[in-house]
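One file, model_20.txt, is given below (compact mmCIF, C-alpha atoms).
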```txt
# COMPACT_ATOMS: atom_id res chain seq x y z
CA MET A 875 39.06 58.11 -37.46
CA ASN A 876 38.53 61.49 -35.76
CA PHE A 877 35.42 63.37 -36.79
CA ASN A 878 33.13 66.03 -35.38
CA LEU A 879 29.50 64.97 -34.88
CA ASN A 880 28.41 68.56 -35.48
CA ASP A 881 29.80 68.40 -39.00
CA LEU A 882 27.65 65.35 -39.90
CA GLU A 883 24.41 66.02 -41.73
CA LEU A 884 21.64 63.38 -41.81
CA SER A 885 20.59 64.63 -45.25
CA ASN A 886 23.99 63.93 -46.70
CA VAL A 887 25.05 60.57 -45.21
CA SER A 888 26.97 59.63 -48.34
CA ARG A 889 29.52 62.35 -47.58
CA TRP A 890 30.12 61.14 -43.99
CA PRO A 891 33.56 59.81 -43.17
CA ALA A 892 33.86 56.08 -43.50
CA ALA A 893 34.42 55.69 -39.76
CA ALA A 894 31.18 57.50 -38.97
CA ARG A 895 29.23 55.37 -41.42
CA VAL A 896 30.73 52.20 -39.87
CA VAL A 897 29.71 53.34 -36.39
CA VAL A 898 26.16 54.06 -37.53
CA ILE A 899 25.89 50.72 -39.31
CA LEU A 900 27.14 48.87 -36.23
CA PHE A 901 24.69 50.78 -34.06
CA ILE A 902 21.79 49.90 -36.35
CA MET A 903 22.86 46.25 -36.49
CA GLY A 904 23.10 46.14 -32.72
CA GLY A 905 19.60 47.59 -32.41
CA VAL A 906 18.20 45.09 -34.89
CA ILE A 907 19.85 42.21 -33.04
CA PHE A 908 18.53 43.46 -29.69
CA LEU A 909 14.99 43.94 -31.00
CA GLY A 910 15.08 40.54 -32.65
CA TYR A 911 16.15 38.92 -29.40
CA TRP A 912 13.61 40.80 -27.32
CA PHE A 913 10.59 40.19 -29.52
CA HIS A 914 11.39 36.77 -31.00
CA ILE A 915 14.42 34.87 -29.74
CA LYS A 916 13.66 35.34 -26.03
CA ASP A 917 10.31 33.55 -26.33
CA GLN A 918 11.91 30.80 -28.37
CA LEU A 919 14.54 30.30 -25.66
CA VAL A 920 11.75 29.78 -23.11
CA VAL A 921 10.11 27.24 -25.41
CA LEU A 922 13.51 25.58 -25.88
CA GLN A 923 14.04 25.30 -22.12
CA GLN A 924 10.56 23.79 -21.70
CA ALA A 925 11.28 21.31 -24.48
CA GLU A 926 14.61 20.36 -22.88
CA GLN A 927 12.88 19.80 -19.52
CA LYS A 928 10.19 17.70 -21.19
CA GLU A 929 12.89 15.71 -22.94
CA ALA A 930 14.61 15.05 -19.61
CA ASP A 931 11.30 13.92 -18.06
CA LEU A 932 10.59 11.64 -21.01
CA LYS A 933 14.06 10.12 -20.68
CA VAL A 934 13.34 9.28 -17.02
CA ILE A 935 9.99 7.71 -18.00
CA PHE A 936 11.64 5.79 -20.82
CA GLU A 937 14.33 4.44 -18.49
CA LYS A 938 11.68 3.27 -16.02
CA LYS A 939 9.65 1.63 -18.78
CA ALA A 940 12.77 0.01 -20.19
CA GLN A 941 13.67 -1.35 -16.75
CA GLN A 942 10.14 -2.71 -16.29
CA ALA A 943 10.25 -4.31 -19.74
CA ALA A 944 13.61 -5.89 -18.93
CA ASN A 945 12.18 -7.30 -15.68
CA LEU A 946 8.81 -8.29 -17.16
CA GLU A 947 9.57 -12.01 -16.98
CA ALA A 948 10.59 -11.72 -13.32
CA PHE A 949 7.41 -9.73 -12.56
CA GLU A 950 5.26 -12.36 -14.24
CA GLN A 951 6.99 -15.09 -12.25
CA GLN A 952 6.43 -13.13 -9.04
CA LEU A 953 2.76 -12.65 -9.91
CA THR A 954 2.38 -16.39 -10.50
CA GLU A 955 3.97 -17.13 -7.13
CA MET A 956 1.68 -14.61 -5.40
CA ARG A 957 -1.38 -16.20 -6.98
CA GLU A 958 -0.25 -19.64 -5.87
CA SER A 959 0.40 -18.35 -2.34
CA PHE A 960 -3.00 -16.66 -2.25
CA GLY A 961 -4.65 -19.83 -3.44
CA ALA A 962 -2.90 -21.81 -0.70
CA MET A 963 -4.16 -19.33 1.89
CA LEU A 964 -7.70 -19.60 0.56
CA ARG A 965 -7.50 -23.37 0.87
CA GLN A 966 -6.87 -22.86 4.60
CA LEU A 967 -10.27 -21.23 4.95
CA PRO A 968 -12.89 -23.89 5.67
CA ASN A 969 -16.16 -24.03 3.80
CA LYS A 970 -19.56 -24.39 5.44
CA THR A 971 -19.33 -28.15 5.85
CA GLU A 972 -15.87 -27.95 7.45
CA VAL A 973 -16.62 -25.29 10.07
CA ALA A 974 -18.29 -27.71 12.46
CA ASP A 975 -15.29 -30.06 12.27
CA LEU A 976 -12.93 -27.15 12.91
CA LEU A 977 -14.87 -26.14 16.03
CA VAL A 978 -14.56 -29.70 17.26
CA ASP A 979 -10.80 -29.58 16.57
CA VAL A 980 -10.44 -26.42 18.69
CA SER A 981 -12.38 -27.88 21.61
CA GLN A 982 -10.55 -31.21 21.35
CA THR A 983 -7.22 -29.36 21.41
CA GLY A 984 -8.25 -27.73 24.69
CA LEU A 985 -9.36 -31.01 26.21
CA ALA A 986 -6.17 -32.72 25.07
CA SER A 987 -4.19 -29.99 26.84
CA GLY A 988 -5.99 -30.85 30.10
CA LEU A 989 -8.18 -27.75 30.17
CA GLU A 990 -11.69 -27.63 31.56
CA PHE A 991 -14.14 -25.65 29.43
CA GLU A 992 -16.58 -23.35 31.22
CA LEU A 993 -17.64 -21.62 28.04
CA PHE A 994 -17.41 -22.49 24.35
CA LYS A 995 -19.90 -20.33 22.47
CA PRO A 996 -19.72 -19.64 18.70
CA ARG A 997 -21.07 -16.18 17.89
CA ALA A 998 -22.62 -14.71 14.74
CA GLU A 999 -20.49 -14.54 11.61
CA ASN A 1000 -18.94 -11.22 10.63
CA PRO A 1001 -18.83 -11.06 6.78
CA GLN A 1002 -15.84 -9.32 5.20
CA GLU A 1003 -14.92 -8.81 1.53
CA PHE A 1004 -14.41 -12.45 0.54
CA TYR A 1005 -14.43 -14.28 3.88
CA ALA A 1006 -16.37 -14.32 7.13
CA GLU A 1007 -15.00 -14.19 10.66
CA LEU A 1008 -16.44 -16.76 13.03
CA PRO A 1009 -15.74 -15.60 16.61
CA ILE A 1010 -15.96 -18.08 19.50
CA SER A 1011 -16.13 -16.98 23.13
CA ILE A 1012 -14.03 -19.36 25.24
CA ARG A 1013 -13.39 -19.64 28.97
CA VAL A 1014 -11.15 -22.46 30.19
CA ILE A 1015 -9.66 -23.48 33.53
CA GLY A 1016 -6.15 -24.87 33.88
CA THR A 1017 -2.51 -24.02 34.51
CA TYR A 1018 -0.03 -21.84 32.61
CA HIS A 1019 1.56 -24.95 31.15
CA GLN A 1020 -1.81 -26.24 29.93
CA PHE A 1021 -2.63 -22.84 28.44
CA GLY A 1022 0.66 -22.92 26.54
CA ASP A 1023 -0.08 -26.40 25.21
CA PHE A 1024 -3.51 -25.22 24.06
CA VAL A 1025 -2.15 -22.17 22.24
CA SER A 1026 0.53 -24.27 20.54
CA GLY A 1027 -2.04 -26.87 19.54
CA VAL A 1028 -4.32 -24.23 18.01
CA ALA A 1029 -1.38 -22.80 16.05
CA ALA A 1030 -0.65 -26.27 14.68
CA LEU A 1031 -4.16 -26.80 13.31
CA PRO A 1032 -4.32 -27.11 9.50
CA ARG A 1033 -6.90 -24.30 9.37
CA ILE A 1034 -6.38 -20.65 10.32
CA VAL A 1035 -7.44 -19.89 13.90
CA THR A 1036 -6.43 -16.71 15.74
CA LEU A 1037 -6.74 -15.93 19.45
CA HIS A 1038 -7.75 -12.46 20.64
CA ASN A 1039 -8.57 -10.56 23.86
CA ILE A 1040 -6.80 -13.07 26.10
CA SER A 1041 -7.32 -12.49 29.82
CA ILE A 1042 -5.91 -14.70 32.59
CA LYS A 1043 -6.75 -14.50 36.29
CA LYS A 1044 -6.56 -16.73 39.33
CA LYS A 1045 -9.46 -18.97 40.19
CA GLY A 1046 -10.69 -18.69 43.74
CA LYS A 1047 -8.16 -18.37 46.56
CA ALA A 1048 -4.65 -17.07 46.08
CA ASP A 1049 -3.09 -20.48 46.82
CA ASN A 1050 -5.20 -22.18 44.14
CA PRO A 1051 -2.85 -23.27 41.29
CA LEU A 1052 -5.67 -23.15 38.72
CA LEU A 1053 -6.23 -20.15 36.47
CA VAL A 1054 -9.13 -18.93 34.37
CA MET A 1055 -8.43 -17.80 30.80
CA ASP A 1056 -11.01 -15.87 28.77
CA MET A 1057 -10.44 -15.29 25.07
CA THR A 1058 -12.03 -14.95 21.70
CA ALA A 1059 -10.95 -17.47 19.10
CA LYS A 1060 -11.60 -16.55 15.49
CA THR A 1061 -11.68 -18.85 12.54
CA TYR A 1062 -12.48 -17.81 9.01
CA ARG A 1063 -14.76 -19.17 6.31
CA TYR A 1064 -14.45 -18.52 2.59
CA LEU A 1065 -17.57 -16.81 1.21
CA GLU A 1066 -19.09 -17.91 -2.04
CA GLU A 1067 -19.86 -15.17 -4.58
CA SER A 1068 -23.56 -15.16 -3.65
CA GLU A 1069 -22.75 -14.75 0.06
CA ARG A 1070 -20.47 -11.72 -0.21
CA PRO A 1071 -21.78 -8.39 1.09
CA GLN A 1072 -22.94 -5.78 -1.37
CA GLU A 1073 -20.83 -2.66 -1.99
CA SER A 1074 -23.09 -0.48 0.17
CA GLU A 1075 -22.82 -2.89 3.08
CA LYS A 1076 -19.01 -2.99 2.78
CA LYS A 1077 -18.85 0.81 2.88
CA GLY A 1078 -21.08 0.89 5.94
CA SER A 1079 -18.96 -1.65 7.79
CA GLY A 1080 -15.81 0.26 6.81
CA LYS A 1081 -17.04 3.42 8.59
CA LYS A 1082 -17.42 1.58 11.89
CA GLY A 1083 -13.71 0.70 11.96
CA GLY A 1084 -12.24 -1.12 14.92
CA GLY A 1085 -8.80 -2.64 15.31
CA LYS A 1086 -7.99 -6.25 16.01
CA LYS A 1087 -5.55 -7.41 18.60
CA GLY A 1088 -2.86 -9.77 17.50
CA GLY A 1089 -3.24 -13.46 18.14
CA VAL A 1090 -1.67 -16.78 17.45
CA ARG A 1091 -2.22 -18.13 14.02
CA LYS A 1092 -0.77 -20.55 11.56
```

Represent the structure of the file as structure tokens.
Amino acid sequence: MNFNLNDLELSNVSRWPAAARVVVILFIMGGVIFLGYWFHIKDQLVVLQQAEQKEADLKVIFEKKAQQAANLEAFEQQLTEMRESFGAMLRQLPNKTEVADLLVDVSQTGLASGLEFELFKPRAENPQEFYAELPISIRVIGTYHQFGDFVSGVAALPRIVTLHNISIKKKGKADNPLLVMDMTAKTYRYLEESERPQESEKKGSGKKGGGKKGGVRK
């Protein structure tokens, strides 16, 4: 297999030793393979990797969809329960004719607890998306025990009433057992379709913001 490269003539390849011709053929084949990889196969490998990644992503999506399809009946049952719960909550919102009776219930609850009312003033409604807040400014005089009975009684009302901005202070002299409690009670009224604010009004009210303090509600 020994040969001298100086003795090889490109014009007379047929007379080269077999070993030299094999080396040249292997070299040419290697070059062809390299060029084919560089100009064609390399790009196809990138496309293949992208396709494999897309396949993996599609498998994840398919598994999620399959899981959702398997749980479709449970989701539908949950949706039905949520609608029933929402409907029950809406039924706790009084309509126009029931608001006056609810205000009487709140005041009667205070009187039944032994409280003396100094102020019971319904304020203007505050329309929201599908309901309206009806705030009531309240100032009552009584003891801690009577205040507790009043709060418990309000929580037991069949309609939703929440208490906010509660402030308690002593009335008169330090030895006076009576206290003064100021608060804002809020009840809520369901709005008919014709009463609901327009989209522009809702956006305007949303910019004003304002958090609500927690209260007692049923």

Using Å and a single decimal, report how far atom CA of A:Lys1047 sits from atom CA of A:Lys995.
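Computing the Euclidean distance for atom CA of A:Lys995 and atom CA of A:Lys1047 yields 26.9 Å.
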
Nearest to A:Thr983, restricted to all atoms listed in the file and choosing among A:Glu950, A:Glu999, A:Asp1023, A:Glu1007, comes out as A:Asp1023

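Counting from atom CA of A:Asn945, the distance to atom CA of A:Gln927 is 27.4 Å.
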
Using all atoms listed in the file, list the residues that have an atom at most 12 Å from (-9.2, -14.4, 40.4), coordinates as in the file, as a ChimeraX atom specification.
/A:1015,1041-1056

In Å and to one decimal, atom CA of A:Val934 is distant from atom CA of A:Phe949 by 20.4 Å

Residue contacts of A:Val973 (9 Å, only C-alpha atoms) excluding same-chain residues fewer than 6 positions away, as a PDB file with C-alpha atoms, keeping the file's coordinate frame:
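What landed in part-v1.pdb:
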```pdb
ATOM      1  CA  THR A1061     -11.680 -18.850  12.540  1.00  0.00           C
ATOM      2  CA  TYR A1062     -12.480 -17.810   9.010  1.00  0.00           C
ATOM      3  CA  ARG A1063     -14.760 -19.170   6.310  1.00  0.00           C
TER       4      ARG A1063
END
```

When distances are computed from all atoms listed in the file, which of A:Asn1000, A:Leu1031, A:Gln941, A:Ile915 shows the smallest separation from A:Val978?
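Using all atoms listed in the file, the shortest distance to A:Val978 belongs to A:Leu1031.
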
Ranking A:Ile1012, A:Phe936, A:Lys1060, A:Ile899 by minimum distance to A:Phe994 and counting all atoms listed in the file, which one comes first?
A:Ile1012

Nearest residue to A:Gly988 from the set A:Gln1002, A:Val896, A:Ser1011, A:Gln1020 (distances using only C-alpha atoms):
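Among A:Gln1002, A:Val896, A:Ser1011, A:Gln1020, it is A:Gln1020 that comes nearest to A:Gly988.
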
Using only C-alpha atoms: which of A:Leu909, A:Ala986, A:Ala998, A:Ala930 has the shortest distance to A:Gly1027:
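Among A:Leu909, A:Ala986, A:Ala998, A:Ala930, it is A:Ala986 that comes nearest to A:Gly1027.
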